[in-house]
file model.txt (compact mmCIF, C-alpha atoms)
# COMPACT_ATOMS: atom_id res chain seq x y z
CA MET A 15 102.83 119.27 65.88
CA ILE A 16 104.78 117.01 63.51
CA VAL A 17 107.59 119.58 63.30
CA PHE A 18 107.85 119.72 67.10
CA SER A 19 107.92 115.91 67.28
CA ILE A 20 110.79 115.76 64.77
CA ILE A 21 112.71 118.43 66.71
CA LEU A 22 112.25 116.56 69.99
CA ALA A 23 113.35 113.28 68.39
CA LEU A 24 116.50 114.97 67.06
CA LEU A 25 117.20 116.50 70.49
CA ALA A 26 116.88 113.06 72.09
CA ILE A 27 119.27 111.56 69.53
CA LEU A 28 121.74 114.38 70.16
CA GLY A 29 121.77 113.60 73.88
CA ALA A 30 119.25 115.99 75.41
CA PRO A 31 118.13 114.89 78.91
CA LEU A 32 115.33 112.36 78.58
CA PHE A 33 113.12 114.01 81.21
CA ALA A 34 113.32 117.31 79.30
CA VAL A 35 112.25 115.66 76.04
CA ILE A 36 109.35 113.84 77.73
CA ALA A 37 108.23 116.99 79.58
CA ALA A 38 108.41 119.09 76.41
CA SER A 39 106.35 116.55 74.45
CA ALA A 40 103.68 116.51 77.18
CA MET A 41 103.59 120.32 77.34
CA ILE A 42 103.24 120.61 73.57
CA GLY A 43 100.47 118.01 73.63
CA PHE A 44 98.52 119.72 76.40
CA GLN A 45 99.00 123.10 74.70
CA SER A 46 97.62 121.71 71.44
CA GLN A 47 94.51 120.64 73.36
CA GLU A 48 94.28 124.09 74.96
CA THR A 49 94.71 122.54 78.41
CA ASP A 50 96.11 124.67 81.21
CA LEU A 51 99.78 123.70 81.66
CA MET A 52 99.27 123.72 85.42
CA ILE A 53 98.09 120.15 84.85
CA MET A 54 101.77 119.24 84.33
CA ALA A 55 102.67 120.32 87.87
CA LEU A 56 99.67 118.48 89.30
CA GLU A 57 100.54 115.27 87.43
CA VAL A 58 104.17 115.42 88.56
CA GLN A 59 103.04 116.03 92.13
CA SER A 60 100.70 113.03 91.92
CA ILE A 61 103.60 110.57 92.08
CA ALA A 62 103.99 111.50 95.76
CA SER A 63 100.72 109.69 96.49
CA MET A 64 101.82 106.41 94.88
CA PRO A 65 101.82 103.82 97.68
CA PHE A 66 104.98 101.99 96.61
CA LEU A 67 107.09 105.04 95.78
CA ALA A 68 109.06 104.97 99.04
CA ALA A 69 110.33 101.48 98.22
CA ILE A 70 112.49 102.79 95.37
CA PRO A 71 114.93 104.97 97.37
CA LEU A 72 114.95 102.63 100.37
CA PHE A 73 115.83 99.45 98.44
CA THR A 74 118.35 101.41 96.36
CA PHE A 75 120.09 102.76 99.49
CA ALA A 76 120.21 99.27 101.02
CA GLY A 77 121.74 97.89 97.82
CA TYR A 78 124.42 100.57 97.71
CA LEU A 79 125.30 99.90 101.36
CA LEU A 80 125.72 96.20 100.60
CA SER A 81 127.94 96.95 97.61
CA GLU A 82 130.22 99.20 99.71
CA SER A 83 130.65 96.60 102.48
CA ASN A 84 132.34 93.20 102.42
CA ALA A 85 129.00 91.50 101.76
CA PRO A 86 130.02 90.58 98.16
CA LYS A 87 133.08 88.68 99.47
CA ARG A 88 130.99 86.87 102.08
CA LEU A 89 128.37 85.96 99.47
CA VAL A 90 131.01 84.53 97.14
CA ARG A 91 132.60 82.56 99.99
CA LEU A 92 129.27 81.09 101.07
CA THR A 93 128.14 80.05 97.58
CA GLY A 94 131.66 78.77 96.86
CA ALA A 95 131.67 76.60 99.98
CA MET A 96 128.30 75.11 99.06
CA MET A 97 128.71 74.65 95.29
CA GLY A 98 132.36 75.25 94.42
CA TRP A 99 133.32 71.55 94.60
CA MET A 100 130.86 70.52 91.86
CA PRO A 101 131.83 70.11 88.19
CA GLY A 102 131.81 73.69 86.93
CA GLY A 103 130.83 74.67 90.45
CA LEU A 104 132.55 78.05 90.48
CA ALA A 105 130.55 79.07 87.41
CA LEU A 106 127.38 78.25 89.36
CA VAL A 107 128.74 80.32 92.25
CA CYS A 108 129.18 83.24 89.88
CA LEU A 109 125.62 82.98 88.54
CA ALA A 110 124.00 82.60 91.98
CA ALA A 111 126.02 85.37 93.63
CA CYS A 112 125.44 87.83 90.78
CA ALA A 113 121.69 87.11 90.65
CA PHE A 114 121.32 87.68 94.40
CA PHE A 115 123.40 90.83 94.35
CA THR A 116 121.70 92.38 91.30
CA ALA A 117 118.28 91.73 92.83
CA PHE A 118 119.20 93.89 95.82
CA THR A 119 121.22 96.59 94.06
CA GLY A 120 118.94 96.81 91.01
CA ALA A 121 121.98 97.70 88.90
CA SER A 122 123.89 95.12 86.91
CA GLY A 123 126.87 97.44 86.46
CA VAL A 124 127.35 97.62 90.23
CA THR A 125 127.36 93.80 90.34
CA ILE A 126 130.10 93.53 87.70
CA ILE A 127 132.24 96.07 89.53
CA ALA A 128 131.61 94.67 93.03
CA LEU A 129 131.79 90.92 92.30
CA GLY A 130 133.88 90.91 89.14
CA ALA A 131 137.09 91.69 91.01
CA ILE A 132 136.52 88.57 93.14
CA LEU A 133 135.04 86.14 90.62
CA TYR A 134 137.02 86.86 87.45
CA PRO A 135 140.48 85.97 88.88
CA ALA A 136 138.99 83.07 90.88
CA LEU A 137 137.55 81.52 87.71
CA LYS A 138 140.87 81.93 85.92
CA GLN A 139 142.74 80.34 88.84
CA ASP A 140 140.41 77.32 88.74
CA GLY A 141 141.22 76.64 85.08
CA TYR A 142 138.26 78.21 83.27
CA SER A 143 139.08 79.75 79.89
CA ASP A 144 139.52 83.51 79.79
CA LYS A 145 136.84 83.93 77.11
CA PHE A 146 134.31 81.95 79.15
CA ASN A 147 135.14 83.91 82.31
CA LEU A 148 134.66 87.24 80.58
CA GLY A 149 131.35 86.19 79.04
CA LEU A 150 130.05 84.63 82.25
CA VAL A 151 130.80 87.56 84.57
CA THR A 152 129.49 90.10 82.05
CA SER A 153 126.27 88.14 81.40
CA ALA A 154 125.64 87.20 85.03
CA GLY A 155 125.66 90.88 85.95
CA SER A 156 122.17 91.32 84.48
CA LEU A 157 120.67 88.31 86.25
CA GLY A 158 118.50 89.07 89.23
CA LEU A 159 116.35 91.79 87.64
CA LEU A 160 113.35 89.43 87.81
CA PHE A 161 113.88 88.64 91.50
CA ALA A 162 112.55 90.66 94.42
CA PRO A 163 113.26 93.39 95.38
CA SER A 164 114.57 94.40 91.94
CA LEU A 165 114.14 98.11 91.21
CA PRO A 166 112.89 97.60 87.61
CA LEU A 167 110.15 95.28 88.95
CA ILE A 168 109.01 97.97 91.38
CA LEU A 169 109.13 100.69 88.73
CA TYR A 170 107.08 98.60 86.29
CA GLY A 171 104.51 98.02 89.02
CA VAL A 172 104.26 101.76 89.68
CA ILE A 173 103.92 102.67 86.00
CA ALA A 174 101.52 99.84 85.09
CA GLU A 175 99.59 100.10 88.38
CA VAL A 176 100.12 96.38 88.98
CA PRO A 177 100.51 94.97 92.53
CA ILE A 178 104.24 94.79 93.16
CA ASP A 179 103.97 91.67 95.32
CA ASP A 180 102.32 89.93 92.31
CA LEU A 181 105.32 90.92 90.18
CA PHE A 182 107.71 89.62 92.85
CA LEU A 183 105.95 86.24 92.71
CA ALA A 184 105.68 86.23 88.92
CA GLY A 185 109.42 86.77 88.47
CA ILE A 186 110.51 83.71 90.46
CA LEU A 187 110.11 80.93 87.87
CA PRO A 188 111.19 82.99 84.82
CA GLY A 189 114.25 84.19 86.76
CA LEU A 190 115.07 80.62 87.80
CA LEU A 191 114.65 79.46 84.18
CA MET A 192 117.31 81.94 83.07
CA LEU A 193 119.60 80.78 85.87
CA VAL A 194 119.07 77.08 85.10
CA MET A 195 119.67 77.48 81.36
CA LEU A 196 122.88 79.45 81.91
CA SER A 197 123.94 76.95 84.58
CA GLY A 198 123.38 74.04 82.21
CA TYR A 199 125.46 75.71 79.51
CA SER A 200 128.22 76.55 82.01
CA LEU A 201 128.34 72.99 83.37
CA TRP A 202 128.51 71.52 79.87
CA MET A 203 131.27 73.89 78.75
CA ASN A 204 133.35 73.14 81.85
CA ARG A 205 132.49 69.49 82.44
CA GLY A 206 136.19 68.65 82.50
CA ILE A 207 136.91 70.98 85.41
CA ARG A 208 136.17 69.13 88.61
CA LYS A 209 137.64 69.34 92.06
CA PRO A 210 137.92 66.15 94.14
CA LEU A 211 134.92 65.52 96.39
CA SER A 212 137.23 65.86 99.36
CA SER A 213 137.46 69.58 98.60
CA PHE A 214 133.92 69.93 99.98
CA SER A 215 134.30 70.94 103.61
CA ILE A 216 131.52 71.02 106.14
CA ARG A 217 133.80 73.15 108.28
CA GLU A 218 134.18 75.72 105.49
CA VAL A 219 130.40 75.77 104.90
CA GLY A 220 129.87 76.35 108.63
CA ALA A 221 132.47 79.10 108.71
CA ALA A 222 130.94 80.79 105.64
CA LEU A 223 127.47 80.56 107.18
CA ARG A 224 128.70 82.11 110.42
CA GLU A 225 130.44 84.88 108.50
CA SER A 226 127.28 85.61 106.46
CA ILE A 227 124.89 85.22 109.37
CA TRP A 228 123.87 88.88 109.31
CA GLU A 229 123.06 89.02 105.56
CA LEU A 230 121.23 85.67 105.36
CA PRO A 231 117.97 87.00 106.88
CA LEU A 232 117.58 89.64 104.12
CA PRO A 233 115.60 87.49 101.62
CA ILE A 234 113.46 86.24 104.50
CA VAL A 235 112.75 89.79 105.65
CA VAL A 236 111.81 90.96 102.16
CA LEU A 237 109.93 87.97 100.75
CA GLY A 238 108.65 86.42 103.95
CA GLY A 239 107.46 89.75 105.32
CA ILE A 240 105.61 90.69 102.12
CA TYR A 241 103.98 87.34 101.34
CA SER A 242 102.99 86.65 104.92
CA GLY A 243 101.14 89.95 104.93
CA PHE A 244 103.24 91.23 107.82
CA PHE A 245 104.81 93.99 105.70
CA ALA A 246 103.66 96.07 102.78
CA VAL A 247 106.31 96.48 100.07
CA SER A 248 107.25 99.98 101.25
CA GLU A 249 107.45 98.77 104.86
CA ALA A 250 109.67 95.85 103.83
CA ALA A 251 111.92 98.36 102.05
CA ALA A 252 112.17 100.50 105.20
CA VAL A 253 112.96 97.49 107.39
CA THR A 254 115.57 96.27 104.87
CA ALA A 255 117.30 99.66 104.65
CA LEU A 256 117.35 100.08 108.44
CA TYR A 257 118.58 96.51 108.98
CA VAL A 258 121.42 96.84 106.44
CA LEU A 259 122.39 100.23 107.86
CA ILE A 260 122.61 98.90 111.43
CA ILE A 261 124.49 95.73 110.43
CA GLU A 262 127.05 97.22 108.05
CA VAL A 263 127.68 100.45 109.97
CA LEU A 264 127.14 99.65 113.65
CA VAL A 265 127.53 95.87 114.05
CA LEU A 266 130.16 94.86 111.48
CA ARG A 267 131.54 98.41 111.17
CA GLU A 268 132.63 97.88 107.58
CA ILE A 269 131.30 101.27 106.49
CA PRO A 270 132.58 104.27 108.50
CA MET A 271 130.01 106.84 109.52
CA ARG A 272 131.88 109.48 107.54
CA GLU A 273 131.21 107.50 104.33
CA LEU A 274 127.42 107.50 104.77
CA PRO A 275 126.85 110.94 103.18
CA ARG A 276 128.79 109.87 100.07
CA ILE A 277 126.85 106.59 99.77
CA MET A 278 123.53 108.37 100.31
CA ARG A 279 124.41 110.93 97.66
CA SER A 280 125.47 108.27 95.13
CA SER A 281 122.35 106.18 95.64
CA MET A 282 119.99 109.13 95.58
CA VAL A 283 121.49 110.49 92.35
CA LEU A 284 120.21 107.31 90.69
CA VAL A 285 116.85 107.57 92.47
CA GLY A 286 116.52 111.27 91.68
CA GLY A 287 117.01 110.63 87.98
CA ILE A 288 114.40 107.87 88.03
CA LEU A 289 111.86 109.99 89.94
CA ILE A 290 112.26 112.99 87.62
CA ILE A 291 111.67 110.77 84.58
CA LEU A 292 108.79 109.05 86.40
CA GLY A 293 107.12 112.36 87.25
CA VAL A 294 107.18 113.78 83.73
CA SER A 295 106.24 110.42 82.24
CA VAL A 296 103.08 110.38 84.36
CA ALA A 297 102.17 113.75 82.84
CA SER A 298 103.01 112.46 79.36
CA THR A 299 100.90 109.33 79.93
CA SER A 300 97.98 111.49 81.06
CA TYR A 301 98.17 113.47 77.82
CA MET A 302 98.36 110.29 75.70
CA ILE A 303 95.28 108.87 77.43
CA ASP A 304 93.37 112.15 76.95
CA ALA A 305 94.35 112.14 73.27
CA ASP A 306 93.34 108.46 72.83
CA ILE A 307 96.82 107.64 71.51
CA PRO A 308 96.95 104.09 72.97
CA GLN A 309 93.54 103.30 71.47
CA ARG A 310 94.61 104.61 68.07
CA LEU A 311 97.81 102.57 68.23
CA PHE A 312 95.81 99.46 69.09
CA GLU A 313 93.51 100.03 66.12
CA ILE A 314 96.52 100.39 63.81
CA VAL A 315 98.21 97.28 65.20
CA ALA A 316 94.96 95.27 65.17
CA SER A 317 94.42 96.13 61.51
CA MET A 318 97.78 94.53 60.65
CA ILE A 319 98.08 91.75 63.26
CA SER A 320 95.29 89.31 63.92
CA SER A 321 96.79 86.79 66.34
CA GLN A 322 98.29 87.00 69.82
CA THR A 323 101.27 84.89 68.72
CA THR A 324 102.20 87.28 65.91
CA PHE A 325 101.88 90.22 68.26
CA LEU A 326 104.17 88.58 70.82
CA ILE A 327 106.79 87.83 68.15
CA LEU A 328 106.78 91.45 66.97
CA LEU A 329 106.79 92.68 70.58
CA LEU A 330 109.90 90.62 71.32
CA ILE A 331 111.70 91.99 68.25
CA PHE A 332 110.72 95.52 69.24
CA LEU A 333 111.91 95.07 72.85
CA LEU A 334 115.24 93.58 71.76
CA ILE A 335 115.86 96.61 69.53
CA LEU A 336 114.66 98.96 72.25
CA GLY A 337 116.94 97.35 74.84
CA ALA A 338 119.92 97.89 72.57
CA ILE A 339 119.40 101.67 72.41
CA LEU A 340 117.65 102.62 75.66
CA ASP A 341 118.29 101.86 79.32
CA ILE A 342 115.72 99.76 81.18
CA PHE A 343 114.38 102.55 83.42
CA SER A 344 113.76 104.94 80.54
CA ALA A 345 112.16 102.17 78.50
CA ILE A 346 109.74 101.33 81.32
CA VAL A 347 108.43 104.87 81.72
CA LEU A 348 108.34 105.61 77.98
CA VAL A 349 107.02 102.40 76.44
CA VAL A 350 104.96 100.55 79.06
CA PRO A 351 102.03 103.06 79.02
CA LEU A 352 101.80 102.58 75.25
CA ILE A 353 102.03 98.80 75.00
CA LEU A 354 99.86 97.94 78.03
CA PRO A 355 96.48 98.69 76.38
CA ILE A 356 97.62 97.13 73.09
CA ALA A 357 98.69 93.92 74.85
CA ALA A 358 95.44 93.89 76.83
CA GLY A 359 93.56 93.97 73.54
CA TYR A 360 95.27 90.70 72.62
CA GLY A 361 94.40 89.13 75.97
CA ILE A 362 97.90 89.28 77.45
CA ASN A 363 97.97 89.45 81.24
CA GLU A 364 99.57 92.67 82.50
CA VAL A 365 101.74 90.82 85.03
CA HIS A 366 102.98 88.40 82.37
CA LEU A 367 103.62 91.35 80.06
CA GLY A 368 105.77 92.94 82.77
CA ILE A 369 107.94 89.84 83.13
CA VAL A 370 108.31 89.51 79.35
CA PHE A 371 109.17 93.21 79.10
CA LEU A 372 111.85 93.09 81.81
CA ALA A 373 113.29 89.75 80.63
CA ALA A 374 113.66 91.08 77.09
CA MET A 375 115.05 94.42 78.24
CA GLN A 376 117.54 92.52 80.40
CA LEU A 377 119.13 91.34 77.16
CA GLY A 378 119.71 94.98 76.28
CA TYR A 379 122.57 95.02 78.79
CA LEU A 380 124.40 92.58 76.48
CA THR A 381 123.24 93.83 73.07
CA PRO A 382 125.43 96.08 70.92
CA PRO A 383 125.78 98.95 70.32
CA VAL A 384 124.66 100.39 73.68
CA GLY A 385 124.78 97.32 75.95
CA LEU A 386 125.85 98.83 79.27
CA ASN A 387 127.37 95.66 80.70
CA LEU A 388 129.60 95.28 77.65
CA PHE A 389 131.23 98.66 78.21
CA ILE A 390 131.48 98.26 81.98
CA ALA A 391 133.15 94.85 81.57
CA SER A 392 135.49 96.22 78.90
CA TYR A 393 136.56 99.00 81.25
CA ARG A 394 136.66 96.86 84.41
CA PHE A 395 138.68 93.97 82.95
CA GLU A 396 140.67 96.07 80.45
CA LYS A 397 139.52 94.06 77.44
CA PRO A 398 138.76 95.32 73.89
CA ILE A 399 135.04 95.83 73.39
CA MET A 400 134.98 93.41 70.42
CA GLN A 401 136.48 90.72 72.64
CA VAL A 402 133.68 91.30 75.15
CA TYR A 403 131.09 91.06 72.34
CA SER A 404 132.53 87.71 71.25
CA ALA A 405 132.72 86.33 74.81
CA THR A 406 129.13 87.21 75.70
CA PHE A 407 127.51 86.06 72.44
CA PRO A 408 126.85 82.41 73.49
CA PHE A 409 125.35 83.61 76.78
CA LEU A 410 123.19 86.12 74.89
CA ILE A 411 121.80 83.31 72.71
CA ILE A 412 120.99 81.17 75.77
CA LEU A 413 119.24 84.10 77.45
CA MET A 414 117.35 84.88 74.25
CA LEU A 415 116.03 81.30 74.15
CA SER A 416 114.91 81.64 77.77
CA VAL A 417 113.09 84.90 76.96
CA ILE A 418 111.24 83.16 74.12
CA LEU A 419 110.13 80.40 76.53
CA ILE A 420 109.05 82.99 79.11
CA THR A 421 107.05 84.84 76.44
CA PHE A 422 105.15 81.86 75.09
CA LEU A 423 104.72 79.98 78.37
CA PRO A 424 102.72 82.45 80.49
CA GLN A 425 102.26 79.73 83.12
CA LEU A 426 105.84 80.42 84.23
CA SER A 427 104.84 83.93 85.24
CA LEU A 428 101.33 83.25 86.46
CA LEU A 429 101.62 79.88 88.24
CA PHE A 430 102.04 81.33 91.72
CA LEU A 431 99.23 83.82 91.10
CA SER A 432 96.60 81.23 90.16
CA GLY A 433 95.37 81.11 93.71

call {"tool": "encode", "arguments": {"input": "model.txt", "output": "structure tokens"}}
result
Amino acid sequence: MIVFSIILALLAILGAPLFAVIAASAMIGFQSQETDLMIMALEVQSIASMPFLAAIPLFTFAGYLLSESNAPKRLVRLTGAMMGWMPGGLALVCLAACAFFTAFTGASGVTIIALGAILYPALKQDGYSDKFNLGLVTSAGSLGLLFAPSLPLILYGVIAEVPIDDLFLAGILPGLLMLVMLSGYSLWMNRGIRKPLSSFSIREVGAALRESIWELPLPIVVLGGIYSGFFAVSEAAAVTALYVLIIEVLVLREIPMRELPRIMRSSMVLVGGILIILGVSVASTSYMIDADIPQRLFEIVASMISSQTTFLILLLIFLLILGAILDIFSAIVLVVPLILPIAAGYGINEVHLGIVFLAAMQLGYLTPPVGLNLFIASYRFEKPIMQVYSATFPFLIILMLSVILITFLPQLSLLFLSG
């Protein structure tokens, strides 16, 4: 068993597909227990009965449609008209636009590619330093993962069997904290850059609102529909996907019909990869529960760690390391089933744990050596990777401080759930 585990670990390091490694580990585990391997097929099939599963492809498709349209330009124009005149206002525009866009696309890399081409030259034109611009756009790309209808939030809810609408509520204040802290730093760094008040134009705000009139209802449809009880999460996803499809293809006609197959294929490649990993991870989780692995891990951890505070500190260190070497989707399906029962043993709420997990993993997009945003920004803006590291470091520190606050102030996550 140990030999097989070492072989699988080496295969994973050498780049073997993650789903294959997870599936092989589950099969070896079931075989060692003399369990019929047909259980693997049944466990994989069981994901089809998960009530929120349909939300994943539907929200993903809607996000890809938005990224292919002119919605990013309209979003930047609207936020620019409303906040661009303030001291450091364009930096706030960048943060707000990226957070909104990442929440709907679920992919920070898409945000950097879609909005970076608009925001990066605009920041430079307004007098912001090149280093600040590079760090801001790269860091802002990961914002929004705590806001509905973020794909990692949904996936955590599926894996942890936590109500997704609770996670949507729990992510609001922690997500806003990250935005506020980055906004404060951006305003302080650029306090000397200020447009005259006359540059604020009611006419421009009105024009930007009229131009964005079709996209503005989206947050209301998603959040209002879910929290009013009018929609379930999967129904809100279906309405969102249909609405975006009609608006971008038939009303605004920014996406030709002939492009739909390509966009569907691109979005479903991402979804397909997630669902394959999700299916085999369910089987792997089933084996671990049967083998009492989480309970054994808790006993080992409890023998070394006595307090909740110490556990949270070590958990944060572990998640920061994990985020640097593993993407957020793989980390959710691999690690969450293991740490959930351990955290529960220390009295940590499962919803709060989810927000801490995702907030910490969000830093992985900016953490060397595997930080995805760092490489995307390096490629997109044609900058040396070390220059990107240097530019993002102050933003990484600010975000790390916000994650610490989110971890040790559970009220931020649970305030809206107290009722």

call {"tool": "atom_distance", "arguments": {"input": "model.txt", "atom1": "CA of Ile173 in chain A", "atom2": "CA of Met64 in chain A"}}
result
9.9 Å

call {"tool": "axis_aligned_box", "arguments": {"input": "model.txt", "around": "range 157-165 of chain A", "padding_each_side": "6 Å", "output": "lines of an AutoDock Vina configuration file"}}
result
center_x = 116.6
center_y = 93.2
center_z = 90.8
size_x = 20.1
size_y = 21.8
size_z = 21.1

call {"tool": "residues_around", "arguments": {"input": "model.txt", "residues": "range 235-245 of chain A", "least_positions_apart": "2", "cutoff": "10 Å", "atoms": "only C-alpha atoms", "output": "list of chain:residue names"}}
result
A:Ala162, A:Pro163, A:Ile178, A:Asp179, A:Asp180, A:Phe182, A:Leu183, A:Leu230, A:Pro231, A:Leu232, A:Pro233, A:Val247, A:Ser248, A:Glu249, A:Ala250, A:Ala251, A:Ala252, A:Val253, A:Thr254, A:Tyr257

call {"tool": "residues_near_point", "arguments": {"input": "model.txt", "point": "(106.4, 80.5, 79.6)", "cutoff": "12 Å", "atoms": "all atoms listed in the file", "output": "ChimeraX atom specification"}}
result
/A:184-185,187-192,366-367,369-370,373,415-429

call {"tool": "residues_around", "arguments": {"input": "model.txt", "residues": "Phe371 in chain A", "least_positions_apart": "2", "cutoff": "10 Å", "atoms": "all atoms listed in the file", "output": "list of chain:residue names"}}
result
A:Tyr170, A:Leu329, A:Leu330, A:Leu333, A:Leu334, A:Gly337, A:Ile342, A:Ala345, A:Ile346, A:Val349, A:Val350, A:Ile353, A:Val365, A:His366, A:Leu367, A:Gly368, A:Ile369, A:Ala373, A:Ala374, A:Met375, A:Gln376, A:Val417, A:Thr421

call {"tool": "atom_distance", "arguments": {"input": "model.txt", "atom1": "CA of Phe389 in chain A", "atom2": "CA of Leu80 in chain A"}}
result
23.2 Å

call {"tool": "residues_around", "arguments": {"input": "model.txt", "residues": "range 274-290 of chain A", "least_positions_apart": "6", "cutoff": "12 Å", "atoms": "only C-alpha atoms", "output": "PDB file with C-alpha atoms, in the coordinates of the input"}}
result
ATOM      1  CA  PRO A  31     118.130 114.890  78.910  1.00  0.00           C
ATOM      2  CA  LEU A  32     115.330 112.360  78.580  1.00  0.00           C
ATOM      3  CA  PHE A  33     113.120 114.010  81.210  1.00  0.00           C
ATOM      4  CA  ALA A  34     113.320 117.310  79.300  1.00  0.00           C
ATOM      5  CA  VAL A  35     112.250 115.660  76.040  1.00  0.00           C
ATOM      6  CA  ILE A  36     109.350 113.840  77.730  1.00  0.00           C
ATOM      7  CA  ALA A  37     108.230 116.990  79.580  1.00  0.00           C
ATOM      8  CA  GLU A  57     100.540 115.270  87.430  1.00  0.00           C
ATOM      9  CA  VAL A  58     104.170 115.420  88.560  1.00  0.00           C
ATOM     10  CA  GLN A  59     103.040 116.030  92.130  1.00  0.00           C
ATOM     11  CA  SER A  60     100.700 113.030  91.920  1.00  0.00           C
ATOM     12  CA  ILE A  61     103.600 110.570  92.080  1.00  0.00           C
ATOM     13  CA  ALA A  62     103.990 111.500  95.760  1.00  0.00           C
ATOM     14  CA  MET A  64     101.820 106.410  94.880  1.00  0.00           C
ATOM     15  CA  LEU A  67     107.090 105.040  95.780  1.00  0.00           C
ATOM     16  CA  ALA A  68     109.060 104.970  99.040  1.00  0.00           C
ATOM     17  CA  ALA A  69     110.330 101.480  98.220  1.00  0.00           C
ATOM     18  CA  ILE A  70     112.490 102.790  95.370  1.00  0.00           C
ATOM     19  CA  PRO A  71     114.930 104.970  97.370  1.00  0.00           C
ATOM     20  CA  LEU A  72     114.950 102.630 100.370  1.00  0.00           C
ATOM     21  CA  PHE A  73     115.830  99.450  98.440  1.00  0.00           C
ATOM     22  CA  THR A  74     118.350 101.410  96.360  1.00  0.00           C
ATOM     23  CA  PHE A  75     120.090 102.760  99.490  1.00  0.00           C
ATOM     24  CA  ALA A  76     120.210  99.270 101.020  1.00  0.00           C
ATOM     25  CA  GLY A  77     121.740  97.890  97.820  1.00  0.00           C
ATOM     26  CA  TYR A  78     124.420 100.570  97.710  1.00  0.00           C
ATOM     27  CA  LEU A  79     125.300  99.900 101.360  1.00  0.00           C
ATOM     28  CA  LEU A  80     125.720  96.200 100.600  1.00  0.00           C
ATOM     29  CA  SER A  81     127.940  96.950  97.610  1.00  0.00           C
ATOM     30  CA  GLU A  82     130.220  99.200  99.710  1.00  0.00           C
ATOM     31  CA  SER A  83     130.650  96.600 102.480  1.00  0.00           C
ATOM     32  CA  THR A 119     121.220  96.590  94.060  1.00  0.00           C
ATOM     33  CA  GLY A 120     118.940  96.810  91.010  1.00  0.00           C
ATOM     34  CA  ALA A 121     121.980  97.700  88.900  1.00  0.00           C
ATOM     35  CA  VAL A 124     127.350  97.620  90.230  1.00  0.00           C
ATOM     36  CA  LEU A 165     114.140  98.110  91.210  1.00  0.00           C
ATOM     37  CA  PRO A 166     112.890  97.600  87.610  1.00  0.00           C
ATOM     38  CA  ILE A 168     109.010  97.970  91.380  1.00  0.00           C
ATOM     39  CA  LEU A 169     109.130 100.690  88.730  1.00  0.00           C
ATOM     40  CA  TYR A 170     107.080  98.600  86.290  1.00  0.00           C
ATOM     41  CA  VAL A 172     104.260 101.760  89.680  1.00  0.00           C
ATOM     42  CA  ILE A 173     103.920 102.670  86.000  1.00  0.00           C
ATOM     43  CA  ALA A 255     117.300  99.660 104.650  1.00  0.00           C
ATOM     44  CA  LEU A 259     122.390 100.230 107.860  1.00  0.00           C
ATOM     45  CA  ILE A 260     122.610  98.900 111.430  1.00  0.00           C
ATOM     46  CA  GLU A 262     127.050  97.220 108.050  1.00  0.00           C
ATOM     47  CA  VAL A 263     127.680 100.450 109.970  1.00  0.00           C
ATOM     48  CA  LEU A 264     127.140  99.650 113.650  1.00  0.00           C
ATOM     49  CA  ARG A 267     131.540  98.410 111.170  1.00  0.00           C
ATOM     50  CA  GLU A 268     132.630  97.880 107.580  1.00  0.00           C
ATOM     51  CA  VAL A 296     103.080 110.380  84.360  1.00  0.00           C
ATOM     52  CA  ALA A 297     102.170 113.750  82.840  1.00  0.00           C
ATOM     53  CA  ASP A 341     118.290 101.860  79.320  1.00  0.00           C
ATOM     54  CA  ILE A 342     115.720  99.760  81.180  1.00  0.00           C
ATOM     55  CA  PHE A 343     114.380 102.550  83.420  1.00  0.00           C
ATOM     56  CA  SER A 344     113.760 104.940  80.540  1.00  0.00           C
ATOM     57  CA  ALA A 345     112.160 102.170  78.500  1.00  0.00           C
ATOM     58  CA  ILE A 346     109.740 101.330  81.320  1.00  0.00           C
ATOM     59  CA  VAL A 347     108.430 104.870  81.720  1.00  0.00           C
ATOM     60  CA  LEU A 348     108.340 105.610  77.980  1.00  0.00           C
TER      61      LEU A 348
END

call {"tool": "atom_distance", "arguments": {"input": "model.txt", "atom1": "CA of Thr324 in chain A", "atom2": "CA of Tyr360 in chain A"}}
result
10.2 Å

call {"tool": "residues_around", "arguments": {"input": "model.txt", "residues": "Leu352 in chain A", "least_positions_apart": "3", "cutoff": "12 Å", "atoms": "all atoms listed in the file", "output": "PyMOL selection string"}}
result
chain A and resi 173-174+295+298-303+306-312+315+345-349+355-358

call {"tool": "residues_around", "arguments": {"input": "model.txt", "residues": "Leu106 in chain A", "least_positions_apart": "4", "cutoff": "12 Å", "atoms": "all atoms listed in the file", "output": "ChimeraX atom specification"}}
result
/A:90,93-102,110-113,133,137,147,150-151,154,193-202,204

call {"tool": "closest_residue", "arguments": {"input": "model.txt", "among": "A:Leu92, A:Ala136, A:Leu372, A:Gly43", "to": "Leu167 in chain A", "atoms": "all atoms listed in the file"}}
result
A:Leu372

call {"tool": "closest_residue", "arguments": {"input": "model.txt", "among": "A:Val294, A:Leu25, A:Lys397, A:Leu129", "to": "Leu56 in chain A", "atoms": "only C-alpha atoms"}}
result
A:Val294
